[in-house]
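Inspection log for the structure reproduced underneath, given as structure tokens.
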Number of protein chains: 2
Amino acid sequence: MKATKCTSLAKLHVLAGHHTFTCATPREVIGMARAGFGTDLLLANETVDDLRLAAMAAEQDHAMITVAIDSDATLHAAHHAGIRNVMIDVNVGLPRCGVAPEHAGRLADSARNTGLHVRGVMGYEGHLMMVTTHSEKLEKVEACMALLRNAANDVGGDIISAGGTGTYNMHANTGVTEIQAGSYSLMDTQYAQLGLPFAQAAFVVGTVISSSAKWAVIDVGLKSLGMDHGNPSIDGHSVWFCSDEHTTFSPNDGTPPPVGTRIRVTPAHIDPTVAKHDEAWVVNGDDIVDRWAIDLRGW
Amino acid sequence: MKATKCTSLAKLHVLAGHHTFTCATPREVIGMARAGFGTDLLLANETVDDLRLAAMAAEQDHAMITVAIDSDATLHAAHHAGIRNVMIDVNVGLPRCGVAPEHAGRLADSARNTGLHVRGVMGYEGHLMMVTTHSEKLEKVEACMALLRNAANDVGGDIISAGGTGTYNMHANTGVTEIQAGSYSLMDTQYAQLGLPFAQAAFVVGTVISSSAKWAVIDVGLKSLGMDHGNPSIDGHSVWFCSDEHTTFSPNDGTPPPVGTRIRVTPAHIDPTVAKHDEAWVVNGDDIVDRWAIDLRGW
């Protein structure tokens, strides 16, 4: 859900038979539960925020909610707030959250001792998403997942959760029972570099507001785009730079488009791009067919 | 207004005697007019959006609104929507909006022929904000402003508008009548490199959610920060990297802070950081003294 933040899009996943969702924020969990998509929601992230944990706990009578923990502090915060289900988050190589694999079993025991239900383990190999050599990536993913399987043996439970859009096809033999991929449904230019079988589905549409002999300027700027993966792309054009409310670009051949021309900008990173917009316009060619609220933004 | 997007903060400027505001979006103009701060509002940006132009025009009976134009297309869009006052936007070297200086007079004549009031010229030397050598910067700003003064001679009107936080102190002899600076009131780590006499006033506050022997992780990630100027900073610590909802960092000495510790993150670029938040908490030391809506977000 962190890439899409939209219950209207989630509904399409549900209609396609998908009933388990990974979330990065309490707001995503709570919004999905309230939208009726609470069959199995995982907060694949840590929090010690009592109010947000309690707000998630309040949804548990009509939604199955599981919260990741990686320390005694996160365990006790979840327990104190009335959370029923937890997942042990295991560090498999990305220097971020996750308990060291050798301590996962002990943390699971502590969780069970407080009455929490431990559903299994998760371990996100985020540092491997953009490895470009297939064989090297496969080998490194397997090494990370060997750590996760060992932790799973110590932890117990039914779930081994891992992966993302960049490694979704590397888990045939890793023992993983679910993949935490999300960007695939909208895509961006960074993931497009991997040659994945997913189409670019989200664009920021702008209007040319200034045009000279050498360049044109649209009213799509860095306040409407995720910039941590660099500049966006425009088909058939070269992007020069983004300002707060502008992007300057030039055509690869020919003259710049005139003022008033509509231009589709393809984001370099979809997650933070979606998070900057109130709503998405759903189109079929040039026809607008629906309007979706990006209703799970914020925290 | 593009750095702050907040009428509560604008009110402090008004109380300090400031009554003219530069805006980058129609929403900023309209929001300022409706908040009662419409003494003199400039949209220092081009638009051909009929609905947004008409919405600005509708505020003109109780607000003085001026819209930048740099082409016949933007001129006619403004006129058609009922906008009364325009400013000729002149390109002084940044490859973005702005008519070529030698055509500014002709555009002003066309505007007057349609009945528009031409208040003067603006020219943003944005490409010079981060020049680090004082004498070089002064010389380059002067060269840009010579272009703008020549255009002003052709255009007429009372206003020569230019500058930003990075060049605010370079205009003593440039003929400029107003400075379009905004970032100075909140600041960021990029502008801090210039040694300006402004204090850092805005931070994103996070909580440590995971801590290991070598690093800690807070729940402030790139979805809450403007990333186009690179990573944020944390006093006394080194930032390793930002993920969507996390920042991994380590202390410059000592052990990482424990889970639950509150950490202040200083953004690298204030404008897009502010634009990602619904509200700002105003503090005096550790006391919360007010809560401001970031009410001019969006477009």
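Following the order of the structure tokens, chains are lettered A, B, ..., residues in each are numbered from 1, and ligands are numbered from 1.
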Residues of chain B that have any atom at most 6 Å from an atom of chain A: could you tabulate them with the shortest-distance atom pair and the distance in Å to one decimal, using only C-alpha atoms, ordered by chain and increasing number, as CSV?
residue,atom,partner,partner_atom,distance
B:Glu46,CA,A:Ile209,CA,5.8
B:Thr47,CA,A:Ile209,CA,5.8
B:Cys97,CA,A:Ser210,CA,5.6
B:Ile209,CA,A:Thr47,CA,5.7
B:Ser210,CA,A:Cys97,CA,5.6
B:Lys223,CA,A:Pro272,CA,5.4
B:Met227,CA,A:Asp228,CA,5.3
B:Asp228,CA,A:Met227,CA,5.3
B:Pro272,CA,A:Lys223,CA,5.4
*Just list the residues in region 37-261 of chain A DSSP gives strand (DSSP E or B) on the backbone, as a PyMOL selection string.*
chain A and resi 41-43+65-69+85-90+99+117-123+159-162+178-179+204-211+216-218+233+237-242+247-251
I need the chosen residues saved as a short mmCIF file (atom, residue, chain, number, x, y, z; two decimals), in the first residue's frame, with N, CA and C atoms.
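Result went into out.cif, see below:
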data_model
loop_
_atom_site.label_atom_id
_atom_site.label_comp_id
_atom_site.auth_asym_id
_atom_site.auth_seq_id
_atom_site.Cartn_x
_atom_site.Cartn_y
_atom_site.Cartn_z
N LEU A 41 -4.04 -7.54 7.11
CA LEU A 41 -3.24 -6.31 6.94
C LEU A 41 -1.98 -6.40 7.80
N LEU A 42 -0.83 -6.19 7.17
CA LEU A 42 0.44 -6.21 7.90
C LEU A 42 1.03 -4.81 7.94
N LEU A 43 1.30 -4.28 9.14
CA LEU A 43 2.15 -3.09 9.25
C LEU A 43 3.58 -3.58 9.24
N ILE A 65 -5.21 -7.60 11.88
CA ILE A 65 -4.09 -6.66 11.81
C ILE A 65 -2.87 -7.28 12.49
N THR A 66 -1.75 -7.22 11.80
CA THR A 66 -0.49 -7.75 12.32
C THR A 66 0.55 -6.64 12.27
N VAL A 67 1.30 -6.49 13.34
CA VAL A 67 2.27 -5.40 13.44
C VAL A 67 3.68 -5.98 13.58
N ALA A 68 4.63 -5.44 12.81
CA ALA A 68 6.01 -5.89 12.91
C ALA A 68 6.64 -5.38 14.21
N ILE A 69 7.44 -6.20 14.83
CA ILE A 69 8.23 -5.79 16.00
C ILE A 69 9.66 -6.28 15.80
N ASN A 85 -1.77 -9.48 17.08
CA ASN A 85 -0.88 -10.27 16.22
C ASN A 85 0.38 -9.51 15.87
N VAL A 86 1.51 -10.19 15.95
CA VAL A 86 2.77 -9.55 15.56
C VAL A 86 3.54 -10.45 14.60
N MET A 87 4.46 -9.82 13.91
CA MET A 87 5.40 -10.51 13.02
C MET A 87 6.79 -10.09 13.50
N ILE A 88 7.73 -11.03 13.51
CA ILE A 88 9.10 -10.68 13.90
C ILE A 88 9.83 -10.16 12.66
N ASP A 89 10.25 -8.89 12.73
CA ASP A 89 10.98 -8.25 11.62
C ASP A 89 12.46 -8.58 11.81
N VAL A 90 13.04 -9.23 10.81
CA VAL A 90 14.42 -9.73 10.90
C VAL A 90 15.31 -8.94 9.94
N VAL A 99 15.35 -7.18 13.84
CA VAL A 99 16.21 -7.77 14.87
C VAL A 99 17.28 -8.62 14.19
N HIS A 117 0.07 -13.16 19.62
CA HIS A 117 0.15 -14.23 18.63
C HIS A 117 1.24 -13.87 17.62
N VAL A 118 2.22 -14.76 17.46
CA VAL A 118 3.33 -14.51 16.54
C VAL A 118 3.06 -15.25 15.23
N ARG A 119 2.83 -14.48 14.19
CA ARG A 119 2.42 -15.11 12.91
C ARG A 119 3.59 -15.57 12.05
N GLY A 120 4.79 -15.12 12.35
CA GLY A 120 5.93 -15.54 11.55
C GLY A 120 6.99 -14.46 11.48
N VAL A 121 7.72 -14.44 10.37
CA VAL A 121 8.83 -13.49 10.22
C VAL A 121 8.69 -12.70 8.92
N MET A 122 9.28 -11.51 8.92
CA MET A 122 9.47 -10.78 7.66
C MET A 122 10.91 -10.28 7.62
N GLY A 123 11.43 -10.11 6.41
CA GLY A 123 12.79 -9.58 6.26
C GLY A 123 12.93 -8.98 4.88
N ILE A 159 4.09 -17.68 8.45
CA ILE A 159 4.41 -16.70 7.41
C ILE A 159 5.91 -16.41 7.34
N ILE A 160 6.44 -16.43 6.12
CA ILE A 160 7.77 -15.88 5.85
C ILE A 160 7.55 -14.84 4.75
N SER A 161 7.67 -13.56 5.12
CA SER A 161 7.27 -12.46 4.23
C SER A 161 8.51 -11.66 3.83
N ALA A 162 8.66 -11.37 2.55
CA ALA A 162 9.86 -10.65 2.08
C ALA A 162 9.60 -10.13 0.68
N GLU A 178 4.99 -15.08 1.16
CA GLU A 178 4.31 -13.93 0.58
C GLU A 178 5.32 -12.86 0.20
N ILE A 179 4.99 -12.12 -0.86
CA ILE A 179 5.87 -11.09 -1.41
C ILE A 179 5.27 -9.71 -1.11
N VAL A 204 2.32 12.24 -14.16
CA VAL A 204 1.86 13.56 -13.73
C VAL A 204 1.70 14.38 -15.01
N VAL A 205 0.49 14.87 -15.23
CA VAL A 205 0.20 15.59 -16.47
C VAL A 205 0.33 17.09 -16.23
N GLY A 206 1.08 17.74 -17.09
CA GLY A 206 1.27 19.18 -16.98
C GLY A 206 0.90 19.89 -18.27
N THR A 207 0.94 21.21 -18.20
CA THR A 207 0.65 22.07 -19.34
C THR A 207 1.86 22.94 -19.60
N VAL A 208 2.25 23.06 -20.88
CA VAL A 208 3.34 23.98 -21.22
C VAL A 208 2.87 25.41 -20.92
N ILE A 209 3.65 26.12 -20.09
CA ILE A 209 3.28 27.50 -19.74
C ILE A 209 4.25 28.51 -20.33
N SER A 210 5.37 28.05 -20.88
CA SER A 210 6.33 28.96 -21.50
C SER A 210 7.12 28.15 -22.52
N SER A 211 7.41 28.76 -23.66
CA SER A 211 8.11 28.03 -24.71
C SER A 211 9.01 29.01 -25.47
N ALA A 216 11.12 24.32 -23.47
CA ALA A 216 9.77 24.63 -23.00
C ALA A 216 9.71 24.35 -21.50
N VAL A 217 8.67 24.89 -20.85
CA VAL A 217 8.51 24.76 -19.40
C VAL A 217 7.09 24.30 -19.11
N ILE A 218 6.95 23.25 -18.29
CA ILE A 218 5.61 22.83 -17.86
C ILE A 218 5.41 23.14 -16.38
N SER A 233 11.05 11.68 -16.36
CA SER A 233 11.28 11.57 -17.81
C SER A 233 10.06 12.05 -18.57
N HIS A 237 11.61 13.64 -25.17
CA HIS A 237 12.21 14.90 -24.75
C HIS A 237 13.33 14.64 -23.74
N SER A 238 14.18 15.64 -23.55
CA SER A 238 15.20 15.60 -22.50
C SER A 238 14.81 16.56 -21.40
N VAL A 239 14.80 16.05 -20.17
CA VAL A 239 14.50 16.91 -19.03
C VAL A 239 15.78 17.63 -18.61
N TRP A 240 15.73 18.96 -18.54
CA TRP A 240 16.91 19.73 -18.12
C TRP A 240 16.99 19.80 -16.60
N PHE A 241 15.93 20.26 -15.96
CA PHE A 241 15.92 20.32 -14.49
C PHE A 241 14.50 20.60 -14.00
N CYS A 242 14.27 20.27 -12.75
CA CYS A 242 13.00 20.57 -12.10
C CYS A 242 13.20 21.68 -11.08
N THR A 247 9.19 22.24 -14.73
CA THR A 247 10.22 21.40 -15.32
C THR A 247 10.58 22.00 -16.67
N THR A 248 11.89 22.22 -16.89
CA THR A 248 12.39 22.72 -18.16
C THR A 248 12.88 21.54 -18.98
N PHE A 249 12.48 21.47 -20.25
CA PHE A 249 12.84 20.33 -21.09
C PHE A 249 12.93 20.77 -22.54
N SER A 250 13.52 19.91 -23.37
CA SER A 250 13.59 20.21 -24.81
C SER A 250 13.33 18.94 -25.59
N PRO A 251 12.76 19.07 -26.79
CA PRO A 251 12.48 17.88 -27.60
C PRO A 251 13.79 17.28 -28.13
#
*Name the residues in contact with Phe37 (chain A) at a cut-off of 12 Å, using only C-alpha atoms, excluding same-chain residues fewer than 6 positions from it; report them as a list in words.*
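So, after excluding close chain neighbours, the residues are Met1, Cys6, Thr7, Ser8, Leu9, Ala10, Lys11, Leu12, His13, Val14, Leu15, Gly17, His18, His19, Thr20, Phe21, Thr22, Glu28, Val29, Ile30, Gly31, Glu59, His62, Ala63, Met64 and Ile65 of chain A.
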Using the selection just defined, write its residues with C-alpha atoms as a PDB file, in the first residue's frame.
ATOM      1  CA  MET A   1       0.000   0.000   0.000  1.00  0.00           C
ATOM      2  CA  CYS A   6      -5.414   4.447  -2.531  1.00  0.00           C
ATOM      3  CA  THR A   7      -8.325   2.250  -1.428  1.00  0.00           C
ATOM      4  CA  SER A   8      -9.977   2.597  -4.858  1.00  0.00           C
ATOM      5  CA  LEU A   9      -6.962   0.934  -6.447  1.00  0.00           C
ATOM      6  CA  ALA A  10      -6.841  -1.636  -3.636  1.00  0.00           C
ATOM      7  CA  LYS A  11     -10.429  -2.540  -4.553  1.00  0.00           C
ATOM      8  CA  LEU A  12      -9.194  -3.629  -7.997  1.00  0.00           C
ATOM      9  CA  HIS A  13      -6.655  -5.884  -6.295  1.00  0.00           C
ATOM     10  CA  VAL A  14      -9.421  -7.362  -4.136  1.00  0.00           C
ATOM     11  CA  LEU A  15     -11.658  -7.919  -7.183  1.00  0.00           C
ATOM     12  CA  GLY A  17      -8.596 -12.098  -5.815  1.00  0.00           C
ATOM     13  CA  HIS A  18      -5.961 -10.469  -3.652  1.00  0.00           C
ATOM     14  CA  HIS A  19      -6.773 -10.284   0.064  1.00  0.00           C
ATOM     15  CA  THR A  20      -3.519  -9.600   1.931  1.00  0.00           C
ATOM     16  CA  PHE A  21      -1.940  -6.153   2.031  1.00  0.00           C
ATOM     17  CA  THR A  22       1.384  -4.828   3.304  1.00  0.00           C
ATOM     18  CA  GLU A  28      -2.596   2.864   5.626  1.00  0.00           C
ATOM     19  CA  VAL A  29      -3.627   0.029   7.968  1.00  0.00           C
ATOM     20  CA  ILE A  30      -6.519   1.956   9.492  1.00  0.00           C
ATOM     21  CA  GLY A  31      -7.736   3.264   6.130  1.00  0.00           C
ATOM     22  CA  GLU A  59      -9.990  -1.962  14.173  1.00  0.00           C
ATOM     23  CA  HIS A  62     -13.491  -6.379  12.019  1.00  0.00           C
ATOM     24  CA  ALA A  63      -9.961  -6.638  10.595  1.00  0.00           C
ATOM     25  CA  MET A  64      -6.987  -8.954  10.975  1.00  0.00           C
ATOM     26  CA  ILE A  65      -4.086  -6.662  11.809  1.00  0.00           C
TER      27      ILE A  65
END
_Considering only helix (DSSP H, G or I) as DSSP defines it on the backbone, what residues of region 126-247 of chain B qualify? List them as a PyMOL selection string._
chain B and resi 126-128+134-155+168-170+183-185+189-192+222-224
*Å distance separating CA of Pro257 (chain A) from CA of Ala152 (chain B), one decimal place*: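 Rounded to one decimal, the two atoms are 28.2 Å apart.
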_Quick one: residues within 12 Å of Thr167 (chain A), only C-alpha atoms, excluding same-chain residues fewer than 4 positions away - as an NGL selection string?_
:A and (124-142 or 144-145 or 162-163 or 171-172 or 174 or 176 or 179-184 or 191 or 194 or 196)
Report as a short mmCIF file (atom, residue, chain, number, x, y, z; two decimals) with N, CA and C atoms, in the first residue's frame all protein, DNA and RNA residues lying within 9 Å of Ser185 (chain B), evaluated on only C-alpha atoms, omitting residues in the same chain fewer than 4 positions from it.
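Written out: part07.cif:
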data_model
loop_
_atom_site.label_atom_id
_atom_site.label_comp_id
_atom_site.auth_asym_id
_atom_site.auth_seq_id
_atom_site.Cartn_x
_atom_site.Cartn_y
_atom_site.Cartn_z
N ALA B 3 7.69 28.94 -0.20
CA ALA B 3 8.47 28.22 0.80
C ALA B 3 7.64 27.87 2.04
N THR B 4 6.65 28.71 2.35
CA THR B 4 5.97 28.57 3.64
C THR B 4 4.52 28.06 3.51
N ALA B 181 12.28 37.02 -1.94
CA ALA B 181 12.84 36.00 -1.04
C ALA B 181 11.77 35.40 -0.14
N PHE B 198 20.28 34.09 8.90
CA PHE B 198 18.93 33.60 9.21
C PHE B 198 19.06 32.27 9.94
N ALA B 199 18.19 32.04 10.92
CA ALA B 199 18.26 30.83 11.73
C ALA B 199 17.38 29.73 11.13
N GLN B 200 17.80 28.49 11.34
CA GLN B 200 16.98 27.36 10.95
C GLN B 200 15.77 27.30 11.88
N ALA B 201 14.56 27.38 11.30
CA ALA B 201 13.36 27.46 12.13
C ALA B 201 12.42 26.27 11.95
#
*asked:* Just the number, please: distance in Å from CA of Ile288 (chain A) to CA of Arg262 (chain A), one decimal.
replied: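 About the pair CA of Ile288 (chain A) and CA of Arg262 (chain A): they are 14.6 Å apart.
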